[in-house]
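What follows is the content of query.cif, which has mmCIF, C-alpha atoms (C1' of nucleotides):
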data_work
loop_
_atom_site.label_atom_id
_atom_site.label_comp_id
_atom_site.auth_asym_id
_atom_site.auth_seq_id
_atom_site.Cartn_x
_atom_site.Cartn_y
_atom_site.Cartn_z
CA MET A 1 -107.49 -101.98 182.51
CA PRO A 2 -108.46 -100.09 185.68
CA PHE A 3 -110.51 -101.99 188.25
CA THR A 4 -112.78 -100.80 191.05
CA ILE A 5 -112.33 -102.23 194.53
CA CYS A 6 -114.73 -101.72 197.42
CA THR A 7 -114.20 -102.41 201.14
CA TRP A 8 -117.15 -102.80 203.51
CA ASN A 9 -117.44 -103.96 207.11
CA ILE A 10 -120.74 -105.80 206.69
CA ASN A 11 -121.43 -106.89 210.31
CA SER A 12 -122.88 -110.31 209.39
CA VAL A 13 -122.85 -111.26 205.70
CA ARG A 14 -125.76 -113.68 206.10
CA LEU A 15 -128.09 -111.10 207.65
CA ARG A 16 -127.05 -108.47 205.11
CA ALA A 17 -126.82 -110.57 201.94
CA PRO A 18 -129.70 -108.47 200.48
CA ILE A 19 -127.79 -105.19 200.78
CA VAL A 20 -124.57 -106.82 199.54
CA ARG A 21 -126.55 -107.81 196.44
CA ARG A 22 -127.87 -104.26 196.18
CA LEU A 23 -124.34 -102.89 196.29
CA LEU A 24 -123.13 -105.34 193.64
CA GLU A 25 -126.07 -104.53 191.35
CA GLU A 26 -126.02 -100.77 191.76
CA GLU A 27 -122.28 -100.08 192.07
CA ALA A 28 -120.75 -103.17 190.41
CA PRO A 29 -117.23 -103.04 191.87
CA ASP A 30 -114.91 -105.61 190.28
CA VAL A 31 -113.73 -106.67 193.72
CA LEU A 32 -115.64 -106.45 197.02
CA CYS A 33 -113.74 -106.97 200.28
CA LEU A 34 -115.92 -107.68 203.30
CA GLN A 35 -115.06 -107.73 207.00
CA GLU A 36 -116.95 -109.01 210.03
CA THR A 37 -118.76 -111.62 207.99
CA LYS A 38 -119.36 -113.42 211.32
CA CYS A 39 -119.68 -116.90 209.85
CA PRO A 40 -117.48 -119.91 209.11
CA ALA A 41 -116.26 -120.20 205.51
CA GLU A 42 -118.63 -123.09 204.78
CA LYS A 43 -121.64 -120.94 205.71
CA PHE A 44 -120.65 -117.99 203.51
CA PRO A 45 -123.59 -117.40 201.09
CA LEU A 46 -121.48 -117.62 197.94
CA GLU A 47 -124.32 -118.68 195.62
CA THR A 48 -126.34 -115.53 196.23
CA PHE A 49 -123.42 -113.45 194.88
CA ALA A 50 -122.14 -115.93 192.28
CA GLU A 51 -125.45 -115.79 190.42
CA LEU A 52 -124.90 -112.04 189.94
CA GLY A 53 -121.47 -112.64 188.42
CA TRP A 54 -119.19 -112.41 191.47
CA GLU A 55 -118.23 -116.07 191.44
CA HIS A 56 -114.65 -115.93 192.73
CA LEU A 57 -114.26 -116.03 196.49
CA ALA A 58 -111.41 -115.89 198.96
CA VAL A 59 -112.93 -116.41 202.38
CA ARG A 60 -112.00 -117.07 205.99
CA GLY A 61 -114.38 -117.09 208.91
CA ASP A 62 -115.01 -117.91 212.55
CA LYS A 63 -118.34 -118.84 214.10
CA GLY A 64 -119.97 -115.62 215.29
CA TYR A 65 -116.87 -113.39 215.12
CA ASN A 66 -114.44 -111.76 212.69
CA GLY A 67 -114.38 -113.14 209.15
CA VAL A 68 -113.02 -111.63 205.91
CA ALA A 69 -113.89 -112.30 202.29
CA ILE A 70 -112.86 -111.15 198.84
CA LEU A 71 -115.66 -111.43 196.26
CA SER A 72 -114.53 -110.93 192.68
CA ARG A 73 -115.67 -111.02 189.07
CA LEU A 74 -112.06 -111.80 188.19
CA PRO A 75 -110.19 -114.98 189.18
CA LEU A 76 -108.31 -114.89 192.50
CA THR A 77 -105.10 -116.93 192.64
CA PRO A 78 -103.53 -117.93 194.87
CA VAL A 79 -105.55 -117.38 198.07
CA GLU A 80 -103.50 -117.14 201.24
CA HIS A 81 -103.71 -115.65 204.72
CA ARG A 82 -101.60 -114.65 207.68
CA ASP A 83 -102.47 -115.55 211.26
CA PHE A 84 -101.80 -112.13 212.83
CA CYS A 85 -100.74 -112.33 216.49
CA LEU A 86 -101.05 -116.16 216.21
CA LYS A 87 -104.52 -116.12 217.72
CA GLY A 88 -106.22 -118.11 214.99
CA ASP A 89 -108.60 -115.19 214.22
CA SER A 90 -109.92 -114.77 210.66
CA ARG A 91 -108.69 -111.20 210.17
CA HIS A 92 -106.68 -111.40 206.95
CA VAL A 93 -107.05 -112.91 203.51
CA THR A 94 -105.04 -112.16 200.40
CA ALA A 95 -105.30 -113.09 196.73
CA LYS A 96 -103.90 -111.97 193.40
CA LEU A 97 -105.89 -110.58 190.47
CA PRO A 98 -105.13 -111.78 186.91
CA ASP A 99 -103.13 -108.59 186.25
CA GLY A 100 -100.85 -109.46 189.17
CA THR A 101 -102.24 -106.97 191.69
CA GLN A 102 -102.06 -108.39 195.21
CA ILE A 103 -105.16 -107.69 197.32
CA HIS A 104 -104.87 -107.71 201.13
CA ASN A 105 -108.15 -107.61 203.06
CA LEU A 106 -107.75 -106.86 206.78
CA TYR A 107 -109.93 -106.58 209.84
CA VAL A 108 -107.93 -104.91 212.63
CA PRO A 109 -109.15 -105.61 216.20
CA ALA A 110 -111.42 -102.88 217.57
CA GLY A 111 -109.42 -102.74 220.80
CA GLY A 112 -112.08 -102.50 223.50
CA ASP A 113 -113.00 -99.39 225.45
CA GLU A 114 -109.99 -98.54 227.62
CA PRO A 115 -106.88 -97.29 225.76
CA ASN A 116 -104.51 -98.89 228.27
CA VAL A 117 -102.35 -101.90 227.40
CA GLU A 118 -101.83 -102.74 231.10
CA THR A 119 -105.53 -103.12 231.92
CA ASN A 120 -107.06 -103.92 228.52
CA PRO A 121 -105.67 -106.93 226.63
CA LYS A 122 -107.84 -106.08 223.61
CA PHE A 123 -106.04 -102.76 223.24
CA ALA A 124 -102.65 -104.49 223.53
CA HIS A 125 -103.77 -106.95 220.84
CA LYS A 126 -104.76 -104.08 218.55
CA LEU A 127 -101.39 -102.34 218.91
CA ASP A 128 -99.52 -105.63 218.37
CA PHE A 129 -101.60 -106.26 215.26
CA VAL A 130 -100.74 -102.86 213.77
CA ASP A 131 -97.05 -103.38 214.61
CA GLU A 132 -97.22 -106.67 212.72
CA MET A 133 -98.75 -104.85 209.74
CA ALA A 134 -95.69 -102.60 209.71
CA ALA A 135 -93.35 -105.59 209.84
CA CYS A 136 -94.98 -107.91 207.29
CA PHE A 137 -95.92 -105.57 204.41
CA ARG A 138 -92.47 -104.02 204.15
CA SER A 139 -91.82 -105.02 200.54
CA HIS A 140 -94.04 -105.71 197.54
CA ASP A 141 -93.66 -108.06 194.62
CA GLY A 142 -95.56 -105.90 192.13
CA PRO A 143 -98.64 -103.70 192.58
CA ALA A 144 -100.61 -104.20 195.80
CA VAL A 145 -103.72 -102.89 197.54
CA LEU A 146 -104.40 -103.10 201.26
CA VAL A 147 -108.03 -102.52 202.25
CA GLY A 148 -110.17 -103.07 205.26
CA ASP A 149 -111.61 -101.99 208.55
CA LEU A 150 -108.42 -100.78 210.21
CA ASN A 151 -110.44 -99.50 213.20
CA ILE A 152 -108.27 -96.36 213.41
CA ALA A 153 -109.12 -92.86 212.18
CA PRO A 154 -105.64 -91.39 211.65
CA ARG A 155 -106.27 -87.73 210.78
CA GLU A 156 -107.91 -84.87 212.66
CA ASP A 157 -110.47 -84.58 209.86
CA ASP A 158 -111.19 -88.32 210.00
CA VAL A 159 -113.30 -87.81 213.14
CA TRP A 160 -116.18 -85.51 214.09
CA ASN A 161 -114.28 -84.00 217.03
CA HIS A 162 -110.52 -84.46 217.19
CA LYS A 163 -109.93 -83.10 220.71
CA GLN A 164 -112.83 -85.03 222.19
CA LEU A 165 -111.71 -88.32 220.63
CA LEU A 166 -108.01 -88.19 221.57
CA LYS A 167 -108.75 -90.49 224.53
CA ILE A 168 -111.23 -92.66 222.63
CA VAL A 169 -110.00 -95.96 221.18
CA SER A 170 -109.66 -95.55 217.38
CA HIS A 171 -108.17 -92.05 217.57
CA THR A 172 -105.61 -92.12 220.40
CA PRO A 173 -102.11 -90.87 219.54
CA VAL A 174 -100.52 -94.30 220.10
CA GLU A 175 -102.89 -95.85 217.56
CA THR A 176 -102.63 -93.16 214.91
CA GLU A 177 -98.83 -93.09 215.23
CA LYS A 178 -98.61 -96.86 214.82
CA LEU A 179 -100.97 -96.81 211.84
CA ASN A 180 -98.93 -94.05 210.20
CA ALA A 181 -95.77 -96.08 210.87
CA ALA A 182 -97.33 -99.17 209.26
CA GLN A 183 -98.37 -97.11 206.24
CA ALA A 184 -94.89 -95.63 205.89
CA ALA A 185 -93.14 -99.00 206.40
CA GLY A 186 -95.07 -100.50 203.50
CA GLY A 187 -94.69 -97.45 201.31
CA TRP A 188 -98.50 -97.33 201.14
CA VAL A 189 -100.46 -94.43 199.68
CA ASP A 190 -103.78 -93.51 201.35
CA ALA A 191 -105.74 -93.67 198.08
CA VAL A 192 -108.91 -92.08 199.47
CA ARG A 193 -107.07 -89.05 200.84
CA GLU A 194 -105.20 -88.68 197.54
CA VAL A 195 -108.57 -88.12 195.89
CA ILE A 196 -110.23 -86.27 198.79
CA PRO A 197 -107.30 -84.48 200.47
CA GLU A 198 -109.31 -81.94 202.46
CA GLY A 199 -112.29 -81.97 204.77
CA LEU A 200 -114.21 -84.19 207.16
CA LEU A 201 -114.64 -87.71 205.84
CA TYR A 202 -116.15 -90.68 207.67
CA SER A 203 -116.95 -94.33 206.92
CA TRP A 204 -118.54 -95.39 210.24
CA TRP A 205 -121.37 -94.03 212.38
CA SER A 206 -122.38 -95.71 215.66
CA TYR A 207 -125.68 -97.56 215.89
CA ARG A 208 -126.15 -95.82 219.24
CA ALA A 209 -126.71 -92.35 217.87
CA LYS A 210 -130.38 -91.36 217.68
CA ASP A 211 -130.04 -89.90 214.19
CA TRP A 212 -126.68 -90.87 212.73
CA ASP A 213 -127.10 -88.69 209.63
CA ALA A 214 -128.12 -85.47 211.41
CA ALA A 215 -125.69 -85.92 214.34
CA ASP A 216 -122.94 -86.99 211.89
CA LYS A 217 -120.59 -88.12 214.64
CA GLY A 218 -118.58 -90.31 212.32
CA ARG A 219 -115.07 -91.68 212.03
CA ARG A 220 -113.02 -92.82 209.01
CA LEU A 221 -112.10 -96.36 210.05
CA ASP A 222 -112.14 -98.05 206.63
CA HIS A 223 -109.21 -97.54 204.29
CA VAL A 224 -107.77 -98.26 200.86
CA TRP A 225 -103.99 -98.18 200.64
CA THR A 226 -102.10 -98.69 197.38
CA THR A 227 -98.53 -99.08 196.24
CA PRO A 228 -97.23 -96.05 194.30
CA ASP A 229 -97.11 -97.97 190.99
CA LEU A 230 -100.93 -98.09 190.90
CA LYS A 231 -102.65 -95.09 189.34
CA ILE A 232 -105.60 -93.82 191.38
CA HIS A 233 -108.51 -92.87 189.11
CA GLY A 234 -111.05 -92.12 191.83
CA ALA A 235 -112.21 -92.87 195.36
CA ARG A 236 -115.33 -92.24 197.43
CA VAL A 237 -117.40 -93.28 200.45
CA LEU A 238 -120.93 -94.48 199.66
CA ARG A 239 -122.48 -92.73 202.65
CA ALA A 240 -126.01 -93.49 201.41
CA ALA A 241 -125.51 -97.20 202.19
CA ARG A 242 -125.40 -96.35 205.91
CA GLY A 243 -129.08 -95.43 205.47
CA TRP A 244 -130.14 -98.57 203.57
CA GLU A 245 -132.57 -101.09 205.04
CA GLN A 246 -131.07 -102.87 208.08
CA PRO A 247 -127.68 -101.26 207.48
CA SER A 248 -124.19 -102.05 208.64
CA ASP A 249 -122.73 -99.33 210.87
CA HIS A 250 -119.99 -98.95 208.21
CA ALA A 251 -120.35 -97.44 204.75
CA PRO A 252 -118.59 -98.98 201.71
CA VAL A 253 -115.39 -97.27 200.51
CA PHE A 254 -114.46 -97.44 196.80
CA ALA A 255 -111.33 -96.84 194.77
CA THR A 256 -110.71 -97.20 191.04
CA LEU A 257 -107.11 -98.21 190.39
CA GLY A 258 -104.63 -99.46 187.87
"C1'" DA B 1 -120.24 -89.63 234.04
"C1'" DT B 2 -123.38 -92.58 231.77
"C1'" DG B 3 -125.81 -95.11 228.43
"C1'" DG B 4 -127.17 -95.42 224.20
"C1'" DT B 5 -127.81 -99.91 219.53
"C1'" DA B 6 -126.60 -103.85 217.03
"C1'" DG B 7 -125.35 -109.41 215.76
"C1'" DG B 8 -124.62 -114.18 217.06
"C1'" DG B 9 -126.82 -117.66 219.26
"C1'" DC B 10 -129.01 -118.67 223.41
"C1'" DA B 11 -125.40 -116.67 228.22
"C1'" DC B 12 -123.05 -113.13 227.31
"C1'" DC B 13 -119.51 -112.19 224.17
"C1'" DT B 14 -118.20 -108.67 220.60
"C1'" DA B 15 -118.53 -104.17 218.09
#
Just give me the structure of the file as structure tokens.
Amino acid sequence: MPFTICTWNINSVRLRAPIVRRLLEEEAPDVLCLQETKCPAEKFPLETFAELGWEHLAVRGDKGYNGVAILSRLPLTPVEHRDFCLKGDSRHVTAKLPDGTQIHNLYVPAGGDEPNVETNPKFAHKLDFVDEMAACFRSHDGPAVLVGDLNIAPREDDVWNHKQLLKIVSHTPVETEKLNAAQAAGGWVDAVREVIPEGLLYSWWSYRAKDWDAADKGRRLDHVWTTPDLKIHGARVLRAARGWEQPSDHAPVFATLG
DNA sequence: ATGGTAGGGCACCTA
């Protein structure tokens, strides 16, 4: 049976529990992967989602920063994680669906402002993290999905202005090359671009723009990657959610697979 | 070239 997975950088799950509920009620993905939950695991508002039917949770969190969670209508076993770059950050959680599909939920470091590893340790951390993604997802034991806020827009049509963003962290050549290398190393398929192969496509719009919708200066930072054994039935960005009440700066990205 | 807006938690870090 196909299942629908959604990835959404929520920028505080406690503040935005109401719009997470709205997404679950209106879109009803089988699996919802959240990033930047910004709370420790014990403060994750599980009950508010469990009462809607999403009662299975794989969660990791840090006080005030990072945090990833997989909310599911289907059982998740076993739940594991990797400590990328050995920093103790909650940036990865993984679990298996009953059909054996392995779900990886990732929050790649944003990387700071200056795209220079000598002067900006956050940028060095980001590049190291993506290198580790290439090294650790090299083989798969059955079907797998990698989703998350990868904080890199790899293609020219994943940003509102390719030339202008070449020196902006998230679209520099060193980042896009490393992301492409990680994708290739894992044999991953960019499921969203399989379904929408042409044209501008974004999943994030800055809070700083006066009118994000009219200006439309977006970037595609959120991704769904699949192993080739998974059939891709559909994929889309729910752009409207960027305009919901008290929104995240990211829109949810969906794929129907299997 | 600069500054613009958010969240967490209560000074200033992060995005």
Taking the file as shown, what set of residues would the PyMOL selection byres ((chain B) within 10 of (chain A)) give back, as a JSON list (two decimals) with C-alpha atoms (C1' of nucleotides), keeping the file's coordinate frame?
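Writing the result to part_17.json gives the following:
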[["chain", "number", "residue", "atom", "x", "y", "z"],
["B", 3, "DG", "C1'", -125.81, -95.11, 228.43],
["B", 4, "DG", "C1'", -127.17, -95.42, 224.20],
["B", 5, "DT", "C1'", -127.81, -99.91, 219.53],
["B", 6, "DA", "C1'", -126.60, -103.85, 217.03],
["B", 7, "DG", "C1'", -125.35, -109.41, 215.76],
["B", 8, "DG", "C1'", -124.62, -114.18, 217.06],
["B", 9, "DG", "C1'", -126.82, -117.66, 219.26],
["B", 13, "DC", "C1'", -119.51, -112.19, 224.17],
["B", 14, "DT", "C1'", -118.20, -108.67, 220.60],
["B", 15, "DA", "C1'", -118.53, -104.17, 218.09]]
Correct to one decimal, the distance CA of His81 (chain A)-CA of His104 (chain A) is 8.8 Å
Requested in this report: Using the chain letters and numbers from the file, give me the residues hit by the PyMOL selection byres ((chain A and resi 186-201) around 6), as a PyMOL selection string.
Outcome: chain A and resi 137-138+157-158+183-185+202+224-227+235
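Taking CA of Ala135 (chain A) and CA of Ala181 (chain A) as the two end points, the separation is 9.9 Å.
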- Query: Leaving out Glu175 (chain A) and any residue of its chain fewer than 6 positions from it, which residues lie within 8 Å of it when counting all atoms listed in the file, given as a ChimeraX atom specification?
  - Reply: /A:127,152,154,169
Taking (-114.7, -91.9, 219.8) in the file's own coordinates, collect the residues within 12 Å, counting all atoms listed in the file, and hand them back as a count of residues only.
31
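Contact shell of His125 (chain A) at 10 Å (only C-alpha atoms (C1' of nucleotides); same-chain neighbours under 4 positions omitted): A:Phe84, A:Cys85, A:Lys87, A:Val108, A:Pro109, A:Ala110, A:Gly111, A:Gly112, A:Val117, A:Asn120, A:Pro121, A:Phe129, A:Val130, A:Asp131.
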Practice problem: List the neighbours of Ile70 (chain A) out to 12 Å using all atoms listed in the file; skip same-chain residues closer than 2 positions along the sequence, and give me the result as a PyMOL selection string. | Solution: chain A and resi 5-9+29-35+37+41+44+46+49+54-61+67-68+72-77+79-81+92-97+102-106+146-148
Output file for the selection above: C-alpha atoms, as a PDB file, keeping the file's coordinate frame:
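Saved to selection_20.pdb:
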ATOM      1  CA  ILE A   5    -112.330-102.230 194.530  1.00  0.00           C
ATOM      2  CA  CYS A   6    -114.730-101.720 197.420  1.00  0.00           C
ATOM      3  CA  THR A   7    -114.200-102.410 201.140  1.00  0.00           C
ATOM      4  CA  TRP A   8    -117.150-102.800 203.510  1.00  0.00           C
ATOM      5  CA  ASN A   9    -117.440-103.960 207.110  1.00  0.00           C
ATOM      6  CA  PRO A  29    -117.230-103.040 191.870  1.00  0.00           C
ATOM      7  CA  ASP A  30    -114.910-105.610 190.280  1.00  0.00           C
ATOM      8  CA  VAL A  31    -113.730-106.670 193.720  1.00  0.00           C
ATOM      9  CA  LEU A  32    -115.640-106.450 197.020  1.00  0.00           C
ATOM     10  CA  CYS A  33    -113.740-106.970 200.280  1.00  0.00           C
ATOM     11  CA  LEU A  34    -115.920-107.680 203.300  1.00  0.00           C
ATOM     12  CA  GLN A  35    -115.060-107.730 207.000  1.00  0.00           C
ATOM     13  CA  THR A  37    -118.760-111.620 207.990  1.00  0.00           C
ATOM     14  CA  ALA A  41    -116.260-120.200 205.510  1.00  0.00           C
ATOM     15  CA  PHE A  44    -120.650-117.990 203.510  1.00  0.00           C
ATOM     16  CA  LEU A  46    -121.480-117.620 197.940  1.00  0.00           C
ATOM     17  CA  PHE A  49    -123.420-113.450 194.880  1.00  0.00           C
ATOM     18  CA  TRP A  54    -119.190-112.410 191.470  1.00  0.00           C
ATOM     19  CA  GLU A  55    -118.230-116.070 191.440  1.00  0.00           C
ATOM     20  CA  HIS A  56    -114.650-115.930 192.730  1.00  0.00           C
ATOM     21  CA  LEU A  57    -114.260-116.030 196.490  1.00  0.00           C
ATOM     22  CA  ALA A  58    -111.410-115.890 198.960  1.00  0.00           C
ATOM     23  CA  VAL A  59    -112.930-116.410 202.380  1.00  0.00           C
ATOM     24  CA  ARG A  60    -112.000-117.070 205.990  1.00  0.00           C
ATOM     25  CA  GLY A  61    -114.380-117.090 208.910  1.00  0.00           C
ATOM     26  CA  GLY A  67    -114.380-113.140 209.150  1.00  0.00           C
ATOM     27  CA  VAL A  68    -113.020-111.630 205.910  1.00  0.00           C
ATOM     28  CA  SER A  72    -114.530-110.930 192.680  1.00  0.00           C
ATOM     29  CA  ARG A  73    -115.670-111.020 189.070  1.00  0.00           C
ATOM     30  CA  LEU A  74    -112.060-111.800 188.190  1.00  0.00           C
ATOM     31  CA  PRO A  75    -110.190-114.980 189.180  1.00  0.00           C
ATOM     32  CA  LEU A  76    -108.310-114.890 192.500  1.00  0.00           C
ATOM     33  CA  THR A  77    -105.100-116.930 192.640  1.00  0.00           C
ATOM     34  CA  VAL A  79    -105.550-117.380 198.070  1.00  0.00           C
ATOM     35  CA  GLU A  80    -103.500-117.140 201.240  1.00  0.00           C
ATOM     36  CA  HIS A  81    -103.710-115.650 204.720  1.00  0.00           C
ATOM     37  CA  HIS A  92    -106.680-111.400 206.950  1.00  0.00           C
ATOM     38  CA  VAL A  93    -107.050-112.910 203.510  1.00  0.00           C
ATOM     39  CA  THR A  94    -105.040-112.160 200.400  1.00  0.00           C
ATOM     40  CA  ALA A  95    -105.300-113.090 196.730  1.00  0.00           C
ATOM     41  CA  LYS A  96    -103.900-111.970 193.400  1.00  0.00           C
ATOM     42  CA  LEU A  97    -105.890-110.580 190.470  1.00  0.00           C
ATOM     43  CA  GLN A 102    -102.060-108.390 195.210  1.00  0.00           C
ATOM     44  CA  ILE A 103    -105.160-107.690 197.320  1.00  0.00           C
ATOM     45  CA  HIS A 104    -104.870-107.710 201.130  1.00  0.00           C
ATOM     46  CA  ASN A 105    -108.150-107.610 203.060  1.00  0.00           C
ATOM     47  CA  LEU A 106    -107.750-106.860 206.780  1.00  0.00           C
ATOM     48  CA  LEU A 146    -104.400-103.100 201.260  1.00  0.00           C
ATOM     49  CA  VAL A 147    -108.030-102.520 202.250  1.00  0.00           C
ATOM     50  CA  GLY A 148    -110.170-103.070 205.260  1.00  0.00           C
TER      51      GLY A 148
END
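The coordinates place CA of Ala144 (chain A) at 20.9 Å from CA of Ala28 (chain A).
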